[in-house]
Structures are given as structure tokens and as C-alpha cells.
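Undergrad: This is data03.cif (mmCIF, C-alpha atoms and all ligand atoms).
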data_my_file
#
loop_
_atom_site.label_atom_id
_atom_site.label_comp_id
_atom_site.auth_asym_id
_atom_site.auth_seq_id
_atom_site.Cartn_x
_atom_site.Cartn_y
_atom_site.Cartn_z
CA MET A 886 -33.41 -34.73 28.25
CA HIS A 887 -31.84 -34.26 24.84
CA HIS A 888 -30.08 -36.90 22.90
CA ASN A 889 -28.18 -34.64 20.59
CA TYR A 890 -25.58 -32.38 22.08
CA LYS A 891 -23.69 -29.32 20.94
CA MET A 892 -20.90 -29.94 23.41
CA ARG A 893 -20.08 -32.91 25.63
CA ILE A 894 -17.62 -32.63 28.48
CA ARG A 895 -16.31 -36.07 29.40
CA ASN A 896 -14.30 -36.87 32.52
CA LEU A 897 -12.60 -33.50 32.56
CA ASP A 898 -9.80 -32.96 35.06
CA LEU A 899 -7.85 -29.75 35.36
CA HIS A 900 -4.87 -28.96 37.55
CA PHE A 901 -3.25 -25.57 38.02
CA GLY A 902 0.19 -26.70 39.15
CA SER A 903 -0.48 -29.06 42.04
CA LYS A 904 -3.98 -27.71 42.64
CA HIS A 905 -6.79 -29.99 41.44
CA VAL A 906 -9.42 -27.50 40.26
CA LEU A 907 -11.82 -29.57 38.10
CA LYS A 908 -12.52 -33.13 39.19
CA ASN A 909 -13.89 -35.61 36.71
CA VAL A 910 -16.52 -33.27 35.31
CA SER A 911 -18.94 -34.69 32.73
CA LEU A 912 -21.70 -32.53 31.31
CA ASP A 913 -23.74 -32.52 28.11
CA ILE A 914 -24.79 -29.22 26.56
CA PRO A 915 -27.80 -29.39 24.23
CA PRO A 916 -28.01 -27.10 21.19
CA ASN A 917 -30.01 -23.87 21.29
CA LYS A 918 -30.37 -23.95 25.04
CA ILE A 919 -28.99 -21.88 27.87
CA VAL A 920 -26.96 -23.79 30.45
CA ALA A 921 -26.09 -22.00 33.71
CA LEU A 922 -23.08 -22.91 35.85
CA ILE A 923 -23.69 -22.03 39.49
CA GLY A 924 -21.84 -22.65 42.75
CA PRO A 925 -19.88 -20.81 45.41
CA SER A 926 -16.99 -18.55 44.52
CA GLY A 927 -13.86 -20.51 43.69
CA CYS A 928 -15.66 -23.78 42.87
CA GLY A 929 -14.32 -23.80 39.29
CA LYS A 930 -17.11 -22.28 37.17
CA SER A 931 -14.91 -19.87 35.22
CA THR A 932 -12.19 -22.48 34.88
CA LEU A 933 -14.68 -24.92 33.36
CA LEU A 934 -16.14 -22.27 31.04
CA ARG A 935 -12.68 -21.34 29.81
CA CYS A 936 -11.92 -24.96 28.93
CA LEU A 937 -14.73 -24.81 26.38
CA ASN A 938 -12.79 -22.51 24.06
CA ARG A 939 -9.26 -23.48 25.05
CA MET A 940 -8.57 -20.31 26.95
CA HIS A 941 -6.13 -22.14 29.24
CA ASP A 942 -3.77 -22.85 26.34
CA LEU A 943 -1.60 -19.89 27.24
CA ASN A 944 -1.28 -20.90 30.89
CA PRO A 945 1.73 -23.20 31.31
CA ASP A 946 0.47 -24.22 34.78
CA ALA A 947 -2.79 -25.66 33.43
CA ARG A 948 -2.95 -29.41 32.80
CA ILE A 949 -6.17 -30.77 31.33
CA LYS A 950 -7.29 -34.36 30.91
CA GLY A 951 -10.50 -35.72 29.47
CA GLU A 952 -12.52 -34.82 26.42
CA ILE A 953 -14.58 -31.89 25.25
CA LEU A 954 -16.54 -32.76 22.15
CA LEU A 955 -17.88 -30.02 19.90
CA ASP A 956 -20.23 -31.60 17.40
CA GLY A 957 -18.54 -34.88 18.21
CA HIS A 958 -15.02 -33.60 17.62
CA ASN A 959 -12.59 -33.47 20.57
CA ILE A 960 -11.43 -29.86 20.83
CA LEU A 961 -8.73 -30.82 23.37
CA HIS A 962 -7.05 -33.08 20.84
CA GLY A 963 -3.48 -31.98 20.12
CA ASN A 964 -4.07 -31.30 16.45
CA THR A 965 -7.25 -29.26 16.90
CA ASN A 966 -6.56 -25.63 16.02
CA PRO A 967 -7.48 -23.45 19.03
CA VAL A 968 -8.15 -20.46 16.79
CA GLY A 969 -10.76 -22.46 14.93
CA VAL A 970 -12.29 -23.51 18.26
CA ARG A 971 -12.53 -19.90 19.42
CA ARG A 972 -14.23 -18.93 16.19
CA LYS A 973 -16.92 -21.48 16.88
CA VAL A 974 -17.02 -20.86 20.61
CA GLY A 975 -17.12 -17.15 21.43
CA MET A 976 -16.82 -15.51 24.82
CA VAL A 977 -18.23 -12.54 26.72
CA PHE A 978 -16.48 -11.56 29.94
CA GLN A 979 -17.61 -10.29 33.31
CA LYS A 980 -16.37 -6.77 32.79
CA PRO A 981 -17.29 -5.24 29.43
CA ASN A 982 -14.00 -5.04 27.52
CA PRO A 983 -14.58 -3.24 24.21
CA PHE A 984 -11.48 -2.32 22.25
CA PRO A 985 -10.53 1.39 22.47
CA LYS A 986 -11.90 1.85 18.97
CA SER A 987 -15.14 3.00 17.41
CA VAL A 988 -18.39 1.10 17.86
CA PHE A 989 -18.20 0.06 14.22
CA ASP A 990 -14.60 -1.12 14.42
CA ASN A 991 -15.28 -3.19 17.53
CA VAL A 992 -17.74 -5.31 15.60
CA ALA A 993 -15.85 -5.20 12.29
CA TYR A 994 -12.57 -6.36 13.86
CA GLY A 995 -13.29 -10.08 13.99
CA LEU A 996 -14.88 -10.01 10.55
CA GLU A 997 -11.75 -8.43 9.08
CA ILE A 998 -9.59 -11.07 10.72
CA ASN A 999 -11.82 -13.68 9.14
CA GLY A 1000 -11.09 -12.16 5.75
CA LEU A 1001 -14.22 -10.14 5.06
CA ASN A 1002 -13.06 -7.08 3.13
CA ASP A 1003 -16.12 -6.07 1.11
CA ARG A 1004 -17.19 -2.71 2.62
CA HIS A 1005 -20.88 -3.15 1.92
CA LYS A 1006 -21.00 -6.67 3.28
CA MET A 1007 -19.03 -5.48 6.29
CA ALA A 1008 -21.48 -2.64 7.01
CA ALA A 1009 -24.42 -5.00 6.64
CA ARG A 1010 -22.88 -7.56 8.98
CA VAL A 1011 -22.03 -4.90 11.58
CA GLU A 1012 -25.60 -3.61 11.48
CA GLU A 1013 -27.02 -7.11 11.74
CA SER A 1014 -24.84 -7.88 14.75
CA LEU A 1015 -25.73 -4.62 16.50
CA ARG A 1016 -29.41 -5.28 15.86
CA GLY A 1017 -28.91 -8.81 17.11
CA SER A 1018 -27.50 -7.50 20.38
CA TYR A 1019 -30.30 -4.92 20.80
CA LEU A 1020 -27.85 -2.05 20.51
CA TRP A 1021 -28.49 -0.72 17.01
CA ASP A 1022 -31.14 1.87 17.88
CA GLU A 1023 -28.87 3.42 20.48
CA VAL A 1024 -25.76 3.71 18.31
CA SER A 1025 -26.87 3.87 14.68
CA ASP A 1026 -26.73 7.71 14.57
CA ASP A 1027 -22.98 7.63 15.14
CA LEU A 1028 -21.19 4.34 14.63
CA HIS A 1029 -17.84 6.10 14.73
CA ARG A 1030 -18.01 7.32 18.30
CA SER A 1031 -15.63 5.62 20.70
CA ALA A 1032 -16.95 2.45 22.29
CA LEU A 1033 -15.49 3.69 25.56
CA ASP A 1034 -18.08 6.51 25.63
CA LEU A 1035 -20.95 4.04 25.87
CA SER A 1036 -22.55 3.10 29.19
CA GLY A 1037 -21.53 -0.15 30.86
CA GLY A 1038 -24.67 -1.93 29.70
CA GLN A 1039 -24.20 -0.67 26.14
CA GLN A 1040 -20.57 -1.77 26.20
CA GLN A 1041 -21.59 -5.26 27.26
CA ARG A 1042 -24.14 -5.44 24.44
CA LEU A 1043 -21.37 -4.26 22.10
CA CYS A 1044 -19.19 -7.11 23.34
CA ILE A 1045 -22.04 -9.47 22.60
CA ALA A 1046 -22.36 -7.96 19.10
CA ARG A 1047 -18.63 -8.46 18.64
CA ALA A 1048 -18.92 -12.08 19.76
CA ILE A 1049 -21.88 -12.95 17.52
CA ALA A 1050 -20.61 -11.05 14.45
CA VAL A 1051 -18.33 -13.91 13.48
CA ALA A 1052 -21.25 -16.38 13.67
CA PRO A 1053 -20.06 -18.66 16.45
CA GLU A 1054 -22.04 -21.74 17.40
CA VAL A 1055 -21.61 -21.45 21.13
CA VAL A 1056 -21.40 -18.27 23.22
CA LEU A 1057 -19.80 -18.44 26.66
CA MET A 1058 -20.68 -15.73 29.17
CA ASP A 1059 -18.86 -15.39 32.46
CA GLU A 1060 -21.07 -13.40 34.86
CA PRO A 1061 -21.95 -11.00 32.03
CA CYS A 1062 -24.26 -8.87 34.17
CA SER A 1063 -22.35 -8.66 37.41
CA ALA A 1064 -21.01 -5.18 36.59
CA LEU A 1065 -24.39 -3.90 35.33
CA ASP A 1066 -27.42 -2.16 36.82
CA PRO A 1067 -30.78 -3.99 36.97
CA ILE A 1068 -32.18 -2.41 33.79
CA SER A 1069 -29.11 -3.33 31.74
CA THR A 1070 -29.21 -6.79 33.29
CA ALA A 1071 -32.83 -7.26 32.24
CA ARG A 1072 -31.92 -6.22 28.68
CA ILE A 1073 -29.10 -8.73 28.52
CA GLU A 1074 -31.31 -11.49 29.91
CA ALA A 1075 -33.95 -10.74 27.26
CA LEU A 1076 -31.18 -10.75 24.68
CA MET A 1077 -29.93 -14.17 25.82
CA LEU A 1078 -33.39 -15.65 25.36
CA GLU A 1079 -33.41 -14.27 21.82
CA LEU A 1080 -29.85 -15.41 21.06
CA LYS A 1081 -30.49 -19.02 21.97
CA LYS A 1082 -32.57 -19.36 18.82
CA ASP A 1083 -29.30 -19.08 16.90
CA PHE A 1084 -26.65 -20.09 19.40
CA THR A 1085 -25.98 -22.40 22.30
CA ILE A 1086 -25.22 -20.40 25.45
CA VAL A 1087 -23.28 -21.35 28.57
CA ILE A 1088 -23.42 -18.74 31.31
CA VAL A 1089 -21.69 -18.54 34.66
CA THR A 1090 -23.78 -16.67 37.19
CA HIS A 1091 -23.69 -16.17 40.94
CA ASN A 1092 -27.23 -14.82 40.70
CA MET A 1093 -29.65 -17.66 41.31
CA GLN A 1094 -32.65 -15.60 40.22
CA GLN A 1095 -30.88 -15.00 36.93
CA ALA A 1096 -30.24 -18.71 36.45
CA GLN A 1097 -33.92 -19.39 37.04
CA ARG A 1098 -35.03 -16.63 34.67
CA VAL A 1099 -32.86 -17.60 31.72
CA ALA A 1100 -31.39 -21.08 31.97
CA ASP A 1101 -32.98 -24.21 30.55
CA TYR A 1102 -30.47 -26.37 32.40
CA THR A 1103 -28.43 -25.68 35.50
CA ALA A 1104 -25.19 -27.26 36.70
CA PHE A 1105 -24.28 -26.90 40.37
CA MET A 1106 -20.56 -27.13 41.12
CA TYR A 1107 -18.80 -27.42 44.44
CA LEU A 1108 -15.05 -27.64 45.08
CA GLY A 1109 -14.32 -28.56 41.48
CA GLU A 1110 -16.95 -31.26 41.22
CA LEU A 1111 -20.17 -31.20 39.29
CA ILE A 1112 -22.65 -32.07 42.03
CA GLU A 1113 -25.87 -31.92 40.07
CA PHE A 1114 -27.05 -31.14 36.57
CA GLY A 1115 -30.60 -31.05 35.31
CA GLU A 1116 -33.45 -28.93 34.10
CA THR A 1117 -33.32 -25.63 35.93
CA ARG A 1118 -36.66 -26.01 37.65
CA GLN A 1119 -35.74 -29.47 38.92
CA VAL A 1120 -32.39 -28.28 40.27
CA PHE A 1121 -33.98 -25.36 42.14
CA GLU A 1122 -37.30 -26.88 43.19
CA SER A 1123 -36.49 -30.53 43.77
CA PRO A 1124 -32.73 -30.98 43.94
CA ARG A 1125 -31.52 -34.54 44.15
CA GLU A 1126 -28.49 -33.70 46.30
CA ASP A 1127 -28.51 -32.22 49.81
CA LEU A 1128 -25.59 -29.97 48.91
CA THR A 1129 -27.55 -28.50 46.01
CA ARG A 1130 -30.55 -27.90 48.26
CA GLU A 1131 -28.45 -26.09 50.84
CA TYR A 1132 -26.87 -23.92 48.16
CA VAL A 1133 -30.03 -22.95 46.26
CA LYS A 1134 -31.71 -22.10 49.57
CA GLY A 1135 -28.90 -19.64 50.13
CA HIS A 1136 -27.44 -21.44 53.13
CA PHE A 1137 -23.87 -21.00 51.93
CA GLY A 1138 -21.73 -19.48 49.21
P1 LIG A 1201 -15.26 -19.56 40.16
O1 LIG A 1201 -15.35 -18.99 38.79
O2 LIG A 1201 -16.21 -20.66 40.45
O3 LIG A 1201 -15.33 -18.50 41.22
P2 LIG A 1201 -12.54 -20.21 39.34
O4 LIG A 1201 -12.77 -21.15 38.24
O5 LIG A 1201 -12.16 -18.82 39.01
O6 LIG A 1201 -13.81 -20.23 40.32
O7 LIG A 1201 -11.40 -20.78 40.29
C1 LIG A 1201 -11.38 -22.12 40.73
C2 LIG A 1201 -10.12 -22.34 41.54
O8 LIG A 1201 -8.98 -22.27 40.70
C3 LIG A 1201 -9.90 -21.30 42.63
O9 LIG A 1201 -9.34 -21.94 43.74
C4 LIG A 1201 -8.90 -20.37 42.00
O10 LIG A 1201 -8.12 -19.73 42.98
C5 LIG A 1201 -8.07 -21.29 41.14
N1 LIG A 1201 -7.54 -20.62 39.94
C6 LIG A 1201 -8.25 -19.98 39.00
N2 LIG A 1201 -7.44 -19.54 38.01
C7 LIG A 1201 -6.19 -19.93 38.35
C8 LIG A 1201 -4.89 -19.80 37.73
N3 LIG A 1201 -4.74 -19.17 36.56
N4 LIG A 1201 -3.84 -20.32 38.38
C9 LIG A 1201 -3.98 -20.96 39.56
N5 LIG A 1201 -5.16 -21.13 40.19
C10 LIG A 1201 -6.25 -20.63 39.60
MG MG A 1202 -15.57 -17.01 38.12
#
For this file, produce the structure as C-alpha cells.
Ligand code: ADP
Ligand code: MG
TA:
Amino acid sequence: MHHNYKMRIRNLDLHFGSKHVLKNVSLDIPPNKIVALIGPSGCGKSTLLRCLNRMHDLNPDARIKGEILLDGHNILHGNTNPVGVRRKVGMVFQKPNPFPKSVFDNVAYGLEINGLNDRHKMAARVEESLRGSYLWDEVSDDLHRSALDLSGGQQQRLCIARAIAVAPEVVLMDEPCSALDPISTARIEALMLELKKDFTIVIVTHNMQQAQRVADYTAFMYLGELIEFGETRQVFESPREDLTREYVKGHFG
């Protein structure tokens, strides 16, 4: 296992109102790896993922305890700026959600917010991001068409381009392929393997084949607890916990 970590989750507890949703979760995420979160629906995968870029900040019902270290710095600390966290920790959602703008503007948006206003640098960065998400060849003839006219798989790759354009360090993906056909899914999986050279990736997936194809490490969650975490092959082929074995065999969930 690694001894340097991009993110460390330490004794994380989360309540939504009176409901205890994450229970003393500790998990270390190594740099330039893909970590998959698996487990039955409702076990807390998305909730955990969303802690990693402070997405629960706007939910007055959410109470979080514990630590999440990003490069050793606790992002849950009261005086950490959540906007800065989200710049370092980007997110791609289950359903592709491009803005109702042009392909170009979708990628340029975050760069503009970050203060890039040189048109040539902007164009270069947009191209680089679209190449980086394997979309460039399909859109370069007309960057000003509406993003909403792209296919679902293209829209998801556009969302990935949008996420990576601002040069995050970590990219969170919550079931990014669940709305996509198998060919688009294969493209995104290939893309993830490429992206981990530059980024650290945490992916939620209900697809156990997908976890085995892409993830270096897998975390199995059940009822808000982290049951087992290890190298993906170990978790699937020789799980330490009976519960993990039952789940990866497809006996429940
Ligand atoms: P998963 O992604 O593993 O399917 P979630 O993290 O979405 O599970 O949900 C974990 C639990 O937290 C579920 O019981 C869910 O109903 C509950 N939950 C999720 N979001 C909220 C919320 N905003 N308010 C209250 N309960 C929530
Ligand atoms: Mg979920």
C-alpha cells in the first residue's frame, strides 16, 4: 500500500437530521490512482463522495464530524474556503449536466471564473481539455453548437472536459456511466485510465465489472460503514470480510 496520500478521510461521521448516514469512515486515497466506492443502494457512497468537495455545505440538515485531509490540510476545518476546495476537487455527476450553452462555453466557463481572460490562452485551454476528455475530434468542426445537441456519452465527456479544464487535483465521479450505453461507457473507462496519470479519481459505481476494470483500490460500504478497503483484486478475489464476499458474489444489493 502507499504511504503518501492525496486525501485521507479520518473518523468521518455524517448525520442528516437524526439519521446516521456515515459511521466512523476512515479511508486513504493515494495519488494518481482510481478508487471505487461500491455497496448496495443507500449505503452512503454518494454521501461520502460529496463530503470530499464539501457539497453538503448547503444542506442545513447535514452534520459532519471527523477530518478530511487534502494534501495534509483539513478541508472540513471552519476556515477552509469551500470554493477553493471545489477548485481542487472537481465532480462529474451521474446524469450528464452540461450548461445550456455552446460546447466551447461549457469548458470556458470555469476558466473565466478563475480569471482567465486571454482569448488565445482560453481557446488553447478549451482545446486541451476537449482533447483530454477524448471529445475534440467529434466537436472541433463546430465548437459553437449547443452542448444539448450532443449525445449522452458526448455530454458526459464534455462534463469531464469542464471538470478537468480548471486543473483540479482530484476528480470525483458519481456513477458517471449509469446513463450511458456500453460503447460510451467503454470510452469513459478508457478515459479514466488516461486521466489518472494527471489526477486522482474517486468513482462511485454499482457496476462491479466496472470497478474491476478501472479501479486500483476498492472500498466496500454497507449501511454507512466502510466494511473493507484494499487493492481491487484482493477485495473481489479474496475478500477479508464475509459481507464483502456475499456482495461481490452478487448475493445481495
Ligand atoms: P448511495 O449513493 O450509496 O446509494 P446515498 O449516499 O445517496 O447512498 O444515501 C445514503 C443514505 O442517506 C440513504 O438512506 C439516503 O436516503 C440518505 N440521504 C441521502 N441524501 C440525503 C439528504 N439530503 N437528506 C436526508 N437523507 C439523505
Ligand atoms: Mg448514490
Undergrad: Between CA of Met892 (chain A) and CA of Ser1063 (chain A), what distance in Å does the model show, to one decimal?
TA: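 Computed distance, CA of Met892 (chain A) to CA of Ser1063 (chain A), equals 25.5 Å.
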Undergrad: Could you tell me, as a list of chain:residue names, which residues have any atom at most 10 Å from (-17.3, -5.2, 14.5), counting all atoms listed in the file?
TA: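 The residues that fall inside the cut-off are A:Lys986, A:Ser987, A:Val988, A:Phe989, A:Asp990, A:Asn991, A:Val992, A:Ala993, A:Tyr994, A:Gly995, A:Leu996, A:Glu997, A:Met1007, A:Ala1008, A:Arg1010, A:Val1011, A:Glu1012, A:Ser1014, A:Leu1015, A:Leu1043, A:Cys1044, A:Ala1046, A:Arg1047, A:Ala1048, A:Ile1049, A:Ala1050, A:Val1051.
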Undergrad: Do you know which residues are within 10 Å of ligand MG 1202 (chain A) using all atoms listed in the file? Can you write them as a PyMOL selection string?
TA: chain A and resi 922-935+978-979+1059-1060+1089-1091
Undergrad: List the spatial neighbours of Gly1037 (chain A) as a PyMOL selection string - criterion: any atom at most 8 Å away, only C-alpha atoms, same-chain residues fewer than 6 positions off excluded.
TA: chain A and resi 981+1064-1065
Undergrad: Determine the nearest neighbour of ligand LIG 1201 (chain A) from the options A:Leu1035, A:Ile998, A:Met940, A:Val1056, counting only C-alpha atoms and all ligand atoms.
TA: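 Checking each candidate against ligand LIG 1201 (chain A), we get A:Met940 as the closest.
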Undergrad: What does the distance from CA of Asp913 (chain A) to CA of Lys1081 (chain A) come to in Å, to one decimal?
TA: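 Straight-line distance from CA of Asp913 (chain A) to CA of Lys1081 (chain A) works out to 16.3 Å.
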Undergrad: In Å, rounded to a single decimal, give me how far CA of Gln1040 (chain A) is from CA of Val970 (chain A).
TA: 24.6 Å
Undergrad: Which of these residues is nearest to Thr965 (chain A), using only C-alpha atoms: A:Thr1129, A:Asn917, A:Asn938, A:Asn982?
TA: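 Of the candidates, the smallest distance to Thr965 (chain A) is held by A:Asn938.
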Undergrad: Determine the nearest neighbour of Ser1036 (chain A) from the options A:Ala1104, A:Leu1076, A:Pro983, A:Asn1002, counting all atoms listed in the file.
TA: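 Comparing A:Ala1104, A:Leu1076, A:Pro983, A:Asn1002 against Ser1036 (chain A), the winner is A:Pro983.
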Undergrad: Which residue is closest to ligand LIG 1201 (chain A)? Choose from A:His1029, A:His962, A:Lys918, A:His900 and count all atoms listed in the file.
TA: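 Of all the options, A:His900 lies closest to ligand LIG 1201 (chain A).
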Undergrad: Tell me which protein, DNA and RNA residues are within 12 Å of Arg1130 (chain A), counting only C-alpha atoms, leaving out same-chain ones fewer than 3 positions away, and put them as a list in words.
TA: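 Residues near the query, excluding close chain neighbours: Gly924, Phe1105, Ile1112, Glu1113, Gln1119, Val1120, Phe1121, Glu1122, Ser1123, Pro1124, Arg1125, Glu1126, Asp1127, Val1133, Lys1134, Gly1135, His1136 and Phe1137 of chain A.
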Undergrad: Smallest atom-to-atom distance to ligand LIG 1201 (chain A): which of A:Thr1070, A:Asn944, A:Gln1097, A:Asn909, using only C-alpha atoms and all ligand atoms?
TA: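 Checking each of A:Thr1070, A:Asn944, A:Gln1097, A:Asn909 against ligand LIG 1201 (chain A), counting only C-alpha atoms and all ligand atoms, the winner is A:Asn944.
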Undergrad: Using only C-alpha atoms and all ligand atoms, which of the listed residues (A:Asp1101, A:Asp1066, A:Glu1110, A:Asp1026) sits closest to ligand LIG 1201 (chain A)?
TA: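 Using only C-alpha atoms and all ligand atoms, the shortest distance to ligand LIG 1201 (chain A) belongs to A:Glu1110.
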